[in-house]
file target_21.tsv (TSV, C-alpha atoms and all ligand atoms)
chain	number	residue	atom	x	y	z
A	1	MET	CA	122.84	108.48	117.01
A	2	LYS	CA	122.22	105.92	119.69
A	3	SER	CA	118.97	104.59	118.31
A	4	ARG	CA	120.63	103.97	114.96
A	5	ILE	CA	123.42	101.79	116.28
A	6	LEU	CA	123.54	98.53	114.35
A	7	ASN	CA	126.84	97.09	115.54
A	8	LYS	CA	128.79	97.70	118.69
A	9	TYR	CA	132.43	98.55	118.27
A	10	GLN	CA	133.04	97.66	121.91
A	11	GLN	CA	132.07	94.09	121.12
A	12	VAL	CA	134.74	93.98	118.44
A	13	LEU	CA	137.31	95.28	120.93
A	14	ASP	CA	136.20	92.74	123.55
A	15	ARG	CA	136.43	89.87	121.09
A	16	VAL	CA	139.84	90.93	119.83
A	17	GLU	CA	141.15	91.45	123.34
A	18	ALA	CA	139.89	88.06	124.50
A	19	ALA	CA	141.39	86.35	121.47
A	20	VAL	CA	144.84	87.86	121.62
A	21	ASN	CA	147.25	86.01	123.81
A	22	PRO	CA	149.41	87.41	125.25
A	23	PRO	CA	147.53	90.72	125.59
A	24	ALA	CA	150.73	92.58	124.76
A	25	GLY	CA	149.87	91.85	121.12
A	26	LEU	CA	147.05	94.42	121.29
A	27	ILE	CA	148.50	97.85	120.58
A	28	PRO	CA	146.63	101.17	121.00
A	29	LEU	CA	147.07	103.51	118.04
A	30	GLY	CA	145.00	106.47	119.21
A	31	THR	CA	141.53	107.48	120.32
A	32	LEU	CA	138.64	108.91	118.37
A	33	ASP	CA	136.54	111.19	120.58
A	34	GLN	CA	132.98	111.55	119.41
A	35	GLY	CA	130.66	113.31	121.81
A	36	ASN	CA	130.74	111.41	125.07
A	37	ILE	CA	132.03	108.27	123.45
A	38	ARG	CA	135.68	107.38	123.09
A	39	TYR	CA	136.69	104.88	120.46
A	40	PRO	CA	140.13	103.35	121.01
A	41	LEU	CA	141.73	102.45	117.69
A	42	VAL	CA	143.86	99.35	117.96
A	43	LYS	CA	146.02	96.96	116.04
A	44	VAL	CA	147.05	93.41	116.79
A	45	THR	CA	150.56	92.22	116.05
A	46	LEU	CA	151.53	88.57	115.82
A	47	GLY	CA	154.79	86.88	114.89
A	48	MET	CA	156.91	89.92	115.70
A	49	GLY	CA	160.38	89.78	114.22
A	50	ASN	CA	159.57	87.53	111.26
A	51	ALA	CA	161.14	88.59	107.99
A	52	LYS	CA	157.94	89.01	105.97
A	53	ARG	CA	155.46	91.68	107.02
A	54	VAL	CA	151.77	91.84	106.19
A	55	LEU	CA	149.10	94.40	107.03
A	56	ILE	CA	145.56	92.98	107.11
A	57	SER	CA	142.74	95.46	107.61
A	58	ALA	CA	138.96	95.71	107.58
A	59	GLY	CA	136.12	98.07	108.29
A	60	ILE	CA	137.45	101.21	106.60
A	61	HIS	CA	133.93	101.38	105.16
A	62	GLY	CA	131.47	101.01	108.03
A	63	ASP	CA	128.76	99.27	106.02
A	64	GLU	CA	131.04	96.35	105.08
A	65	PRO	CA	130.97	94.29	108.28
A	66	ALA	CA	132.09	90.88	106.97
A	67	GLY	CA	135.72	91.98	106.93
A	68	VAL	CA	135.54	92.95	110.61
A	69	GLU	CA	133.83	89.67	111.39
A	70	ALA	CA	136.48	87.77	109.42
A	71	LEU	CA	139.37	89.34	111.32
A	72	CYS	CA	137.69	88.61	114.67
A	73	ALA	CA	137.29	85.00	113.54
A	74	PHE	CA	140.88	84.91	112.26
A	75	LEU	CA	142.04	85.74	115.79
A	76	GLU	CA	139.45	83.73	117.73
A	77	ARG	CA	139.96	80.56	115.73
A	78	LYS	CA	143.73	81.06	115.75
A	79	LEU	CA	143.81	80.79	111.97
A	80	TYR	CA	147.05	82.77	112.12
A	81	ALA	CA	148.83	79.80	113.75
A	82	PRO	CA	150.32	78.30	110.54
A	83	PHE	CA	151.86	81.68	109.72
A	84	LEU	CA	153.27	82.60	113.14
A	85	HIS	CA	156.82	81.63	112.23
A	86	LYS	CA	156.73	83.06	108.75
A	87	TRP	CA	154.88	86.35	108.87
A	88	GLU	CA	154.92	89.41	111.08
A	89	MET	CA	151.20	90.15	111.00
A	90	HIS	CA	149.75	93.59	111.72
A	91	ILE	CA	145.97	93.43	111.93
A	92	LEU	CA	143.56	96.38	111.94
A	93	PRO	CA	140.20	94.78	112.76
A	94	CYS	CA	138.01	97.87	112.32
A	95	ILE	CA	139.39	101.14	110.95
A	96	ASN	CA	136.11	103.09	111.00
A	97	PRO	CA	134.35	102.45	114.36
A	98	THR	CA	131.67	105.12	114.03
A	99	GLY	CA	130.68	104.06	110.53
A	100	TYR	CA	130.66	100.46	111.70
A	101	GLU	CA	128.25	101.32	114.52
A	102	ILE	CA	125.75	103.20	112.39
A	103	GLY	CA	126.24	101.08	109.28
A	104	THR	CA	127.48	103.77	106.92
A	105	ARG	CA	130.32	103.71	104.41
A	106	GLU	CA	131.58	107.03	105.79
A	107	ASN	CA	132.51	107.85	109.37
A	108	HIS	CA	130.33	109.92	111.76
A	109	ALA	CA	131.44	113.11	109.99
A	110	GLY	CA	130.46	111.85	106.54
A	111	GLU	CA	134.06	111.28	105.45
A	112	ASP	CA	135.02	108.32	103.23
A	113	LEU	CA	138.22	107.28	104.98
A	114	ASN	CA	139.48	105.50	101.88
A	115	ARG	CA	139.69	108.86	100.09
A	116	GLN	CA	141.71	110.60	102.77
A	117	PHE	CA	145.20	109.21	102.41
A	118	LYS	CA	146.66	112.07	100.40
A	119	LEU	CA	145.52	114.82	102.77
A	120	ASP	CA	148.14	116.84	104.62
A	121	ARG	CA	146.07	116.69	107.77
A	122	PRO	CA	144.01	113.51	107.72
A	123	ASN	CA	141.50	112.70	110.42
A	124	VAL	CA	142.26	110.53	113.46
A	125	GLU	CA	141.30	107.19	111.93
A	126	VAL	CA	143.48	107.67	108.86
A	127	ALA	CA	146.37	109.08	110.89
A	128	CYS	CA	146.26	105.92	113.02
A	129	VAL	CA	146.48	103.73	109.91
A	130	GLN	CA	149.34	105.83	108.56
A	131	SER	CA	151.23	105.39	111.84
A	132	VAL	CA	151.21	101.64	111.24
A	133	PHE	CA	152.96	102.13	107.90
A	134	GLU	CA	155.64	104.11	109.67
A	135	THR	CA	156.75	100.97	111.52
A	136	GLY	CA	158.49	99.80	108.34
A	137	PRO	CA	157.72	98.61	104.83
A	138	PHE	CA	155.17	95.84	104.35
A	139	ASP	CA	155.59	93.05	101.83
A	140	LEU	CA	151.85	92.60	101.50
A	141	ASP	CA	148.73	94.67	102.17
A	142	LEU	CA	145.37	92.87	102.37
A	143	GLU	CA	142.29	95.10	102.59
A	144	LEU	CA	138.91	93.47	103.24
A	145	HIS	CA	135.88	95.17	101.68
A	146	GLU	CA	132.35	94.32	100.55
A	147	ASP	CA	130.22	95.32	97.58
A	148	VAL	CA	126.44	95.60	97.69
A	149	ASP	CA	126.02	95.50	93.90
A	150	SER	CA	128.39	92.75	92.87
A	151	PRO	CA	126.96	89.25	92.26
A	152	GLY	CA	130.14	87.58	93.54
A	153	TYR	CA	133.64	87.85	94.98
A	154	TYR	CA	136.33	89.91	93.25
A	155	LEU	CA	139.62	91.57	94.03
A	156	TYR	CA	141.97	94.28	92.87
A	157	GLN	CA	145.53	93.07	92.51
A	158	LYS	CA	147.62	96.21	92.72
A	159	ASP	CA	151.21	95.20	92.53
A	160	LEU	CA	154.49	96.25	91.06
A	161	SER	CA	157.71	94.62	90.08
A	162	PRO	CA	158.27	91.81	90.68
A	163	THR	CA	154.65	91.27	89.71
A	164	LEU	CA	152.97	88.39	91.49
A	165	SER	CA	151.28	87.36	88.30
A	166	ASP	CA	149.28	84.46	89.66
A	167	LEU	CA	148.63	85.23	93.33
A	168	GLY	CA	145.37	87.08	92.72
A	169	ARG	CA	144.16	84.23	90.53
A	170	ARG	CA	145.14	81.67	93.14
A	171	ILE	CA	143.25	83.57	95.82
A	172	LEU	CA	140.13	83.70	93.63
A	173	ASP	CA	140.41	80.01	92.72
A	174	ALA	CA	140.54	79.17	96.43
A	175	VAL	CA	137.57	81.43	97.23
A	176	GLU	CA	135.35	80.20	94.39
A	177	PRO	CA	134.11	77.02	96.17
A	178	VAL	CA	133.06	79.23	99.09
A	179	MET	CA	131.46	82.06	97.09
A	180	PRO	CA	130.91	82.38	93.33
A	181	LEU	CA	133.14	84.92	91.61
A	182	ASP	CA	131.87	88.05	89.90
A	183	GLY	CA	132.21	87.01	86.27
A	184	SER	CA	131.43	90.43	84.79
A	185	GLU	CA	133.72	91.61	82.01
A	186	GLU	CA	133.81	95.02	83.66
A	187	ILE	CA	133.71	95.83	87.36
A	188	GLU	CA	133.72	99.42	88.59
A	189	ASP	CA	134.44	100.51	84.98
A	190	MET	CA	137.59	98.41	84.81
A	191	PRO	CA	138.20	95.30	82.71
A	192	ALA	CA	137.91	92.20	84.87
A	193	ASP	CA	138.88	88.58	84.31
A	194	ARG	CA	136.74	86.19	86.40
A	195	GLY	CA	136.83	88.53	89.39
A	196	LEU	CA	140.39	89.75	88.92
A	197	LEU	CA	141.12	93.42	88.38
A	198	ALA	CA	144.79	94.16	87.95
A	199	ARG	CA	145.64	97.79	87.80
A	200	LEU	CA	147.42	100.37	89.85
A	201	LYS	CA	146.83	103.97	88.95
A	202	PRO	CA	149.97	106.10	89.15
A	203	PRO	CA	149.70	107.90	92.50
A	204	ASP	CA	150.72	111.26	91.02
A	205	GLU	CA	147.76	111.16	88.63
A	206	MET	CA	145.21	110.84	91.42
A	207	GLU	CA	143.71	113.72	93.34
A	208	TRP	CA	142.93	111.47	96.28
A	209	TRP	CA	144.54	108.30	97.51
A	210	PRO	CA	142.92	105.19	98.88
A	211	MET	CA	144.82	103.26	101.54
A	212	ALA	CA	146.37	100.97	98.89
A	213	LEU	CA	148.11	103.89	97.22
A	214	TYR	CA	149.40	105.11	100.55
A	215	ALA	CA	150.75	101.59	101.11
A	216	TYR	CA	152.54	101.89	97.77
A	217	LYS	CA	153.97	105.26	98.77
A	218	MET	CA	155.24	103.60	101.95
A	219	GLN	CA	157.19	101.01	99.93
A	220	CYS	CA	154.65	98.17	99.87
A	221	ARG	CA	154.57	96.63	96.38
A	222	HIS	CA	151.74	94.12	96.67
A	223	MET	CA	148.31	95.39	97.60
A	224	PHE	CA	145.12	93.33	97.37
A	225	THR	CA	141.72	94.94	97.86
A	226	MET	CA	139.27	92.09	98.27
A	227	GLU	CA	135.49	92.36	97.97
A	228	THR	CA	132.76	89.96	99.00
A	229	SER	CA	129.26	90.26	97.62
A	230	CYS	CA	126.74	91.45	100.22
A	231	GLN	CA	124.12	89.41	98.38
A	232	PHE	CA	125.30	86.33	100.29
A	233	PRO	CA	124.72	85.54	103.99
A	234	MET	CA	127.22	86.94	106.49
A	235	LYS	CA	128.68	83.53	107.34
A	236	GLN	CA	129.53	82.87	103.70
A	237	ARG	CA	131.08	86.33	103.26
A	238	VAL	CA	133.24	85.78	106.35
A	239	GLU	CA	134.41	82.38	105.15
A	240	ALA	CA	135.20	83.80	101.69
A	241	HIS	CA	137.41	86.50	103.20
A	242	LEU	CA	139.11	84.02	105.52
A	243	LYS	CA	139.89	81.74	102.60
A	244	ALA	CA	141.33	84.71	100.68
A	245	VAL	CA	143.55	85.80	103.59
A	246	GLU	CA	144.81	82.28	104.27
A	247	THR	CA	145.57	81.70	100.59
A	248	ALA	CA	147.41	85.02	100.26
A	249	LEU	CA	149.57	84.26	103.30
A	250	SER	CA	150.31	80.66	102.40
A	251	GLU	CA	150.97	81.19	98.68
A	252	PHE	CA	152.82	84.52	98.75
A	253	PRO	CA	154.84	85.45	96.75
A	254	GLY	CA	153.19	83.35	94.06
A	255	LYS	CA	154.83	82.71	90.74
A	256	PRO	CA	156.64	85.86	89.62
A	257	GLU	CA	155.87	87.11	86.15
A	258	THR	CA	158.34	85.82	83.61
A	259	VAL	CA	159.53	88.33	81.06
B	301	ZN	ZN	134.73	99.27	100.76

call {"tool": "encode", "arguments": {"input": "target_21.tsv", "output": "structure tokens"}}
result
Amino acid sequence: MKSRILNKYQQVLDRVEAAVNPPAGLIPLGTLDQGNIRYPLVKVTLGMGNAKRVLISAGIHGDEPAGVEALCAFLERKLYAPFLHKWEMHILPCINPTGYEIGTRENHAGEDLNRQFKLDRPNVEVACVQSVFETGPFDLDLELHEDVDSPGYYLYQKDLSPTLSDLGRRILDAVEPVMPLDGSEEIEDMPADRGLLARLKPPDEMEWWPMALYAYKMQCRHMFTMETSCQFPMKQRVEAHLKAVETALSEFPGKPETV
């Protein structure tokens, strides 16, 4: 496995640790033991005690590194500062360390972590994420992904009453100057409107759950799964995700849908 390592998870940990001040904001969630290597799984919390709670995560798919990069930059550049008195931020910088290291969607055991959230006995990585949801309901769940096939940025707005009718659109409008949107009429077999896919499948109808459905089960009502296009350079993908996160945090809750 060693010769195939593309990214070092330890470097992510070092960057996050150096960026978080005070260090008490870095919280261990568990450890993934893989051969001789131990991977500590961590979260960062900022703005503890604020009324609104957001979970921001990346790297659940190991071959989508721009999300991990974006969350490191979010901490290093202190882009969270404008939100420190408004949001309690829980940040998972890299959910799938082994996949991140070898550059695969799945983890070292070939498991797609974003299909594991309905299992009675999920693996360590997913159990660590689930433990974060047990700290209390989140108002907002932002999941950073990437897509190798898409020609531009898009997102899934999965939300329930009160529907944030325009927040997804506002995020995409803010991202567009940084990265073109995927203008396809269908993305992943779902109807799309200039990069916006708005649909939440009923959890009971699904055999497996992605993290967003688990978030819903744990009382979160506004989930955004956001995808850069891997066809653009890393720097641009990072900036696109950062713009999306900042817009979501600053413009939440958006204009509620009027009936
Ligand atoms: Zn993904």

call {"tool": "residues_near_point", "arguments": {"input": "target_21.tsv", "point": "(154.4, 90.0, 115.0)", "cutoff": "10 Å", "atoms": "all atoms listed in the file", "output": "list in words"}}
result
Gly25, Val44, Thr45, Leu46, Gly47, Met48, Gly49, Asn50, Ala51, Lys52, Arg53, Val54, Leu84, His85, Lys86, Trp87, Glu88, Met89, His90 and Ile91 of chain A

call {"tool": "atom_distance", "arguments": {"input": "target_21.tsv", "atom1": "CA of Ala127 (chain A)", "atom2": "CA of Pro93 (chain A)"}}
result
15.7 Å

call {"tool": "residues_near_ligand", "arguments": {"input": "target_21.tsv", "ligand": "ligand ZN 301 (chain B)", "cutoff": "6 Å", "atoms": "only C-alpha atoms and all ligand atoms", "output": "list in words"}}
result
His61, His145 and Glu146 of chain A

call {"tool": "residues_around", "arguments": {"input": "target_21.tsv", "residues": "region 175-190 of chain A", "least_positions_apart": "3", "cutoff": "9 Å", "atoms": "only C-alpha atoms", "output": "PyMOL selection string"}}
result
chain A and resi 150-154+170-172+193-199+228-229+232+236-237+239-244+247

call {"tool": "atom_distance", "arguments": {"input": "target_21.tsv", "atom1": "CA of Lys118 (chain A)", "atom2": "CA of Leu200 (chain A)"}}
result
15.8 Å

call {"tool": "closest_residue", "arguments": {"input": "target_21.tsv", "among": "A:Cys72, A:Ala174, A:Leu144, A:Leu155", "to": "Val20 (chain A)", "atoms": "only C-alpha atoms"}}
result
A:Cys72

call {"tool": "decode", "arguments": {"input": "target_21.tsv", "residues": "region 215-253 of chain A", "atoms": "N, CA and C atoms", "output": "PDB file, in the first residue's frame"}}
result
ATOM      1  N   ALA A 215     -28.257  12.362   8.574  1.00  0.00           N
ATOM      2  CA  ALA A 215     -28.421  13.697   9.163  1.00  0.00           C
ATOM      3  C   ALA A 215     -29.904  14.006   9.344  1.00  0.00           C
ATOM      4  N   TYR A 216     -30.691  13.656   8.321  1.00  0.00           N
ATOM      5  CA  TYR A 216     -32.140  13.869   8.395  1.00  0.00           C
ATOM      6  C   TYR A 216     -32.742  13.065   9.546  1.00  0.00           C
ATOM      7  N   LYS A 217     -32.311  11.814   9.649  1.00  0.00           N
ATOM      8  CA  LYS A 217     -32.822  10.961  10.723  1.00  0.00           C
ATOM      9  C   LYS A 217     -32.478  11.560  12.091  1.00  0.00           C
ATOM     10  N   MET A 218     -31.360  12.260  12.149  1.00  0.00           N
ATOM     11  CA  MET A 218     -30.913  12.862  13.409  1.00  0.00           C
ATOM     12  C   MET A 218     -31.384  14.318  13.520  1.00  0.00           C
ATOM     13  N   GLN A 219     -32.498  14.611  12.884  1.00  0.00           N
ATOM     14  CA  GLN A 219     -33.241  15.870  13.068  1.00  0.00           C
ATOM     15  C   GLN A 219     -32.716  17.061  12.272  1.00  0.00           C
ATOM     16  N   CYS A 220     -31.664  16.882  11.473  1.00  0.00           N
ATOM     17  CA  CYS A 220     -31.241  17.983  10.614  1.00  0.00           C
ATOM     18  C   CYS A 220     -32.257  18.090   9.470  1.00  0.00           C
ATOM     19  N   ARG A 221     -32.595  19.307   9.067  1.00  0.00           N
ATOM     20  CA  ARG A 221     -33.600  19.479   8.019  1.00  0.00           C
ATOM     21  C   ARG A 221     -33.039  20.140   6.760  1.00  0.00           C
ATOM     22  N   HIS A 222     -31.774  20.514   6.801  1.00  0.00           N
ATOM     23  CA  HIS A 222     -31.203  21.211   5.636  1.00  0.00           C
ATOM     24  C   HIS A 222     -29.827  20.640   5.319  1.00  0.00           C
ATOM     25  N   MET A 223     -29.795  19.789   4.305  1.00  0.00           N
ATOM     26  CA  MET A 223     -28.563  19.123   3.931  1.00  0.00           C
ATOM     27  C   MET A 223     -28.162  19.570   2.514  1.00  0.00           C
ATOM     28  N   PHE A 224     -26.917  19.933   2.359  1.00  0.00           N
ATOM     29  CA  PHE A 224     -26.413  20.322   1.042  1.00  0.00           C
ATOM     30  C   PHE A 224     -25.202  19.459   0.713  1.00  0.00           C
ATOM     31  N   THR A 225     -25.305  18.704  -0.369  1.00  0.00           N
ATOM     32  CA  THR A 225     -24.181  17.917  -0.860  1.00  0.00           C
ATOM     33  C   THR A 225     -23.631  18.675  -2.063  1.00  0.00           C
ATOM     34  N   MET A 226     -22.386  19.133  -1.954  1.00  0.00           N
ATOM     35  CA  MET A 226     -21.874  20.069  -2.953  1.00  0.00           C
ATOM     36  C   MET A 226     -20.693  19.447  -3.709  1.00  0.00           C
ATOM     37  N   GLU A 227     -20.724  19.596  -5.028  1.00  0.00           N
ATOM     38  CA  GLU A 227     -19.786  18.872  -5.892  1.00  0.00           C
ATOM     39  C   GLU A 227     -19.029  19.839  -6.805  1.00  0.00           C
ATOM     40  N   THR A 228     -17.697  19.787  -6.701  1.00  0.00           N
ATOM     41  CA  THR A 228     -16.909  20.508  -7.700  1.00  0.00           C
ATOM     42  C   THR A 228     -16.715  19.590  -8.907  1.00  0.00           C
ATOM     43  N   SER A 229     -16.236  20.159  -9.984  1.00  0.00           N
ATOM     44  CA  SER A 229     -15.825  19.357 -11.131  1.00  0.00           C
ATOM     45  C   SER A 229     -14.321  19.153 -11.078  1.00  0.00           C
ATOM     46  N   CYS A 230     -13.899  17.885 -11.130  1.00  0.00           N
ATOM     47  CA  CYS A 230     -12.463  17.570 -11.095  1.00  0.00           C
ATOM     48  C   CYS A 230     -11.756  17.990 -12.374  1.00  0.00           C
ATOM     49  N   GLN A 231     -12.530  18.494 -13.350  1.00  0.00           N
ATOM     50  CA  GLN A 231     -11.897  18.906 -14.602  1.00  0.00           C
ATOM     51  C   GLN A 231     -11.170  20.248 -14.460  1.00  0.00           C
ATOM     52  N   PHE A 232     -11.338  20.886 -13.313  1.00  0.00           N
ATOM     53  CA  PHE A 232     -10.667  22.169 -13.074  1.00  0.00           C
ATOM     54  C   PHE A 232      -9.476  21.963 -12.136  1.00  0.00           C
ATOM     55  N   PRO A 233      -8.513  22.907 -12.141  1.00  0.00           N
ATOM     56  CA  PRO A 233      -7.346  22.766 -11.259  1.00  0.00           C
ATOM     57  C   PRO A 233      -7.758  22.776  -9.784  1.00  0.00           C
ATOM     58  N   MET A 234      -6.941  22.145  -8.964  1.00  0.00           N
ATOM     59  CA  MET A 234      -7.234  22.017  -7.537  1.00  0.00           C
ATOM     60  C   MET A 234      -7.554  23.360  -6.886  1.00  0.00           C
ATOM     61  N   LYS A 235      -6.742  24.380  -7.197  1.00  0.00           N
ATOM     62  CA  LYS A 235      -6.926  25.674  -6.540  1.00  0.00           C
ATOM     63  C   LYS A 235      -8.341  26.217  -6.790  1.00  0.00           C
ATOM     64  N   GLN A 236      -8.805  26.060  -8.014  1.00  0.00           N
ATOM     65  CA  GLN A 236     -10.131  26.553  -8.378  1.00  0.00           C
ATOM     66  C   GLN A 236     -11.232  25.754  -7.672  1.00  0.00           C
ATOM     67  N   ARG A 237     -11.007  24.441  -7.549  1.00  0.00           N
ATOM     68  CA  ARG A 237     -11.999  23.589  -6.870  1.00  0.00           C
ATOM     69  C   ARG A 237     -12.080  23.956  -5.397  1.00  0.00           C
ATOM     70  N   VAL A 238     -10.925  24.244  -4.801  1.00  0.00           N
ATOM     71  CA  VAL A 238     -10.894  24.638  -3.383  1.00  0.00           C
ATOM     72  C   VAL A 238     -11.635  25.959  -3.194  1.00  0.00           C
ATOM     73  N   GLU A 239     -11.342  26.917  -4.058  1.00  0.00           N
ATOM     74  CA  GLU A 239     -11.983  28.227  -3.918  1.00  0.00           C
ATOM     75  C   GLU A 239     -13.494  28.124  -4.145  1.00  0.00           C
ATOM     76  N   ALA A 240     -13.909  27.255  -5.051  1.00  0.00           N
ATOM     77  CA  ALA A 240     -15.354  27.071  -5.299  1.00  0.00           C
ATOM     78  C   ALA A 240     -16.033  26.535  -4.037  1.00  0.00           C
ATOM     79  N   HIS A 241     -15.430  25.537  -3.418  1.00  0.00           N
ATOM     80  CA  HIS A 241     -16.022  24.989  -2.183  1.00  0.00           C
ATOM     81  C   HIS A 241     -16.029  26.027  -1.059  1.00  0.00           C
ATOM     82  N   LEU A 242     -14.949  26.792  -0.956  1.00  0.00           N
ATOM     83  CA  LEU A 242     -14.900  27.804   0.107  1.00  0.00           C
ATOM     84  C   LEU A 242     -15.998  28.848  -0.084  1.00  0.00           C
ATOM     85  N   LYS A 243     -16.191  29.238  -1.336  1.00  0.00           N
ATOM     86  CA  LYS A 243     -17.243  30.221  -1.617  1.00  0.00           C
ATOM     87  C   LYS A 243     -18.616  29.643  -1.259  1.00  0.00           C
ATOM     88  N   ALA A 244     -18.812  28.369  -1.550  1.00  0.00           N
ATOM     89  CA  ALA A 244     -20.099  27.720  -1.239  1.00  0.00           C
ATOM     90  C   ALA A 244     -20.326  27.674   0.275  1.00  0.00           C
ATOM     91  N   VAL A 245     -19.302  27.304   1.021  1.00  0.00           N
ATOM     92  CA  VAL A 245     -19.442  27.197   2.486  1.00  0.00           C
ATOM     93  C   VAL A 245     -19.718  28.578   3.086  1.00  0.00           C
ATOM     94  N   GLU A 246     -18.941  29.552   2.651  1.00  0.00           N
ATOM     95  CA  GLU A 246     -19.127  30.908   3.198  1.00  0.00           C
ATOM     96  C   GLU A 246     -20.520  31.454   2.873  1.00  0.00           C
ATOM     97  N   THR A 247     -20.987  31.198   1.676  1.00  0.00           N
ATOM     98  CA  THR A 247     -22.318  31.685   1.290  1.00  0.00           C
ATOM     99  C   THR A 247     -23.402  30.980   2.101  1.00  0.00           C
ATOM    100  N   ALA A 248     -23.259  29.673   2.273  1.00  0.00           N
ATOM    101  CA  ALA A 248     -24.260  28.927   3.051  1.00  0.00           C
ATOM    102  C   ALA A 248     -24.330  29.460   4.481  1.00  0.00           C
ATOM    103  N   LEU A 249     -23.172  29.714   5.077  1.00  0.00           N
ATOM    104  CA  LEU A 249     -23.161  30.174   6.470  1.00  0.00           C
ATOM    105  C   LEU A 249     -23.666  31.608   6.593  1.00  0.00           C
ATOM    106  N   SER A 250     -23.325  32.450   5.638  1.00  0.00           N
ATOM    107  CA  SER A 250     -23.720  33.858   5.777  1.00  0.00           C
ATOM    108  C   SER A 250     -25.174  34.080   5.375  1.00  0.00           C
ATOM    109  N   GLU A 251     -25.709  33.260   4.468  1.00  0.00           N
ATOM    110  CA  GLU A 251     -27.062  33.534   3.963  1.00  0.00           C
ATOM    111  C   GLU A 251     -28.121  32.603   4.542  1.00  0.00           C
ATOM    112  N   PHE A 252     -27.739  31.637   5.342  1.00  0.00           N
ATOM    113  CA  PHE A 252     -28.713  30.767   5.997  1.00  0.00           C
ATOM    114  C   PHE A 252     -29.598  31.622   6.913  1.00  0.00           C
ATOM    115  N   PRO A 253     -30.906  31.468   6.978  1.00  0.00           N
ATOM    116  CA  PRO A 253     -31.647  30.373   6.377  1.00  0.00           C
ATOM    117  C   PRO A 253     -32.115  30.618   4.944  1.00  0.00           C
TER     118      PRO A 253
END
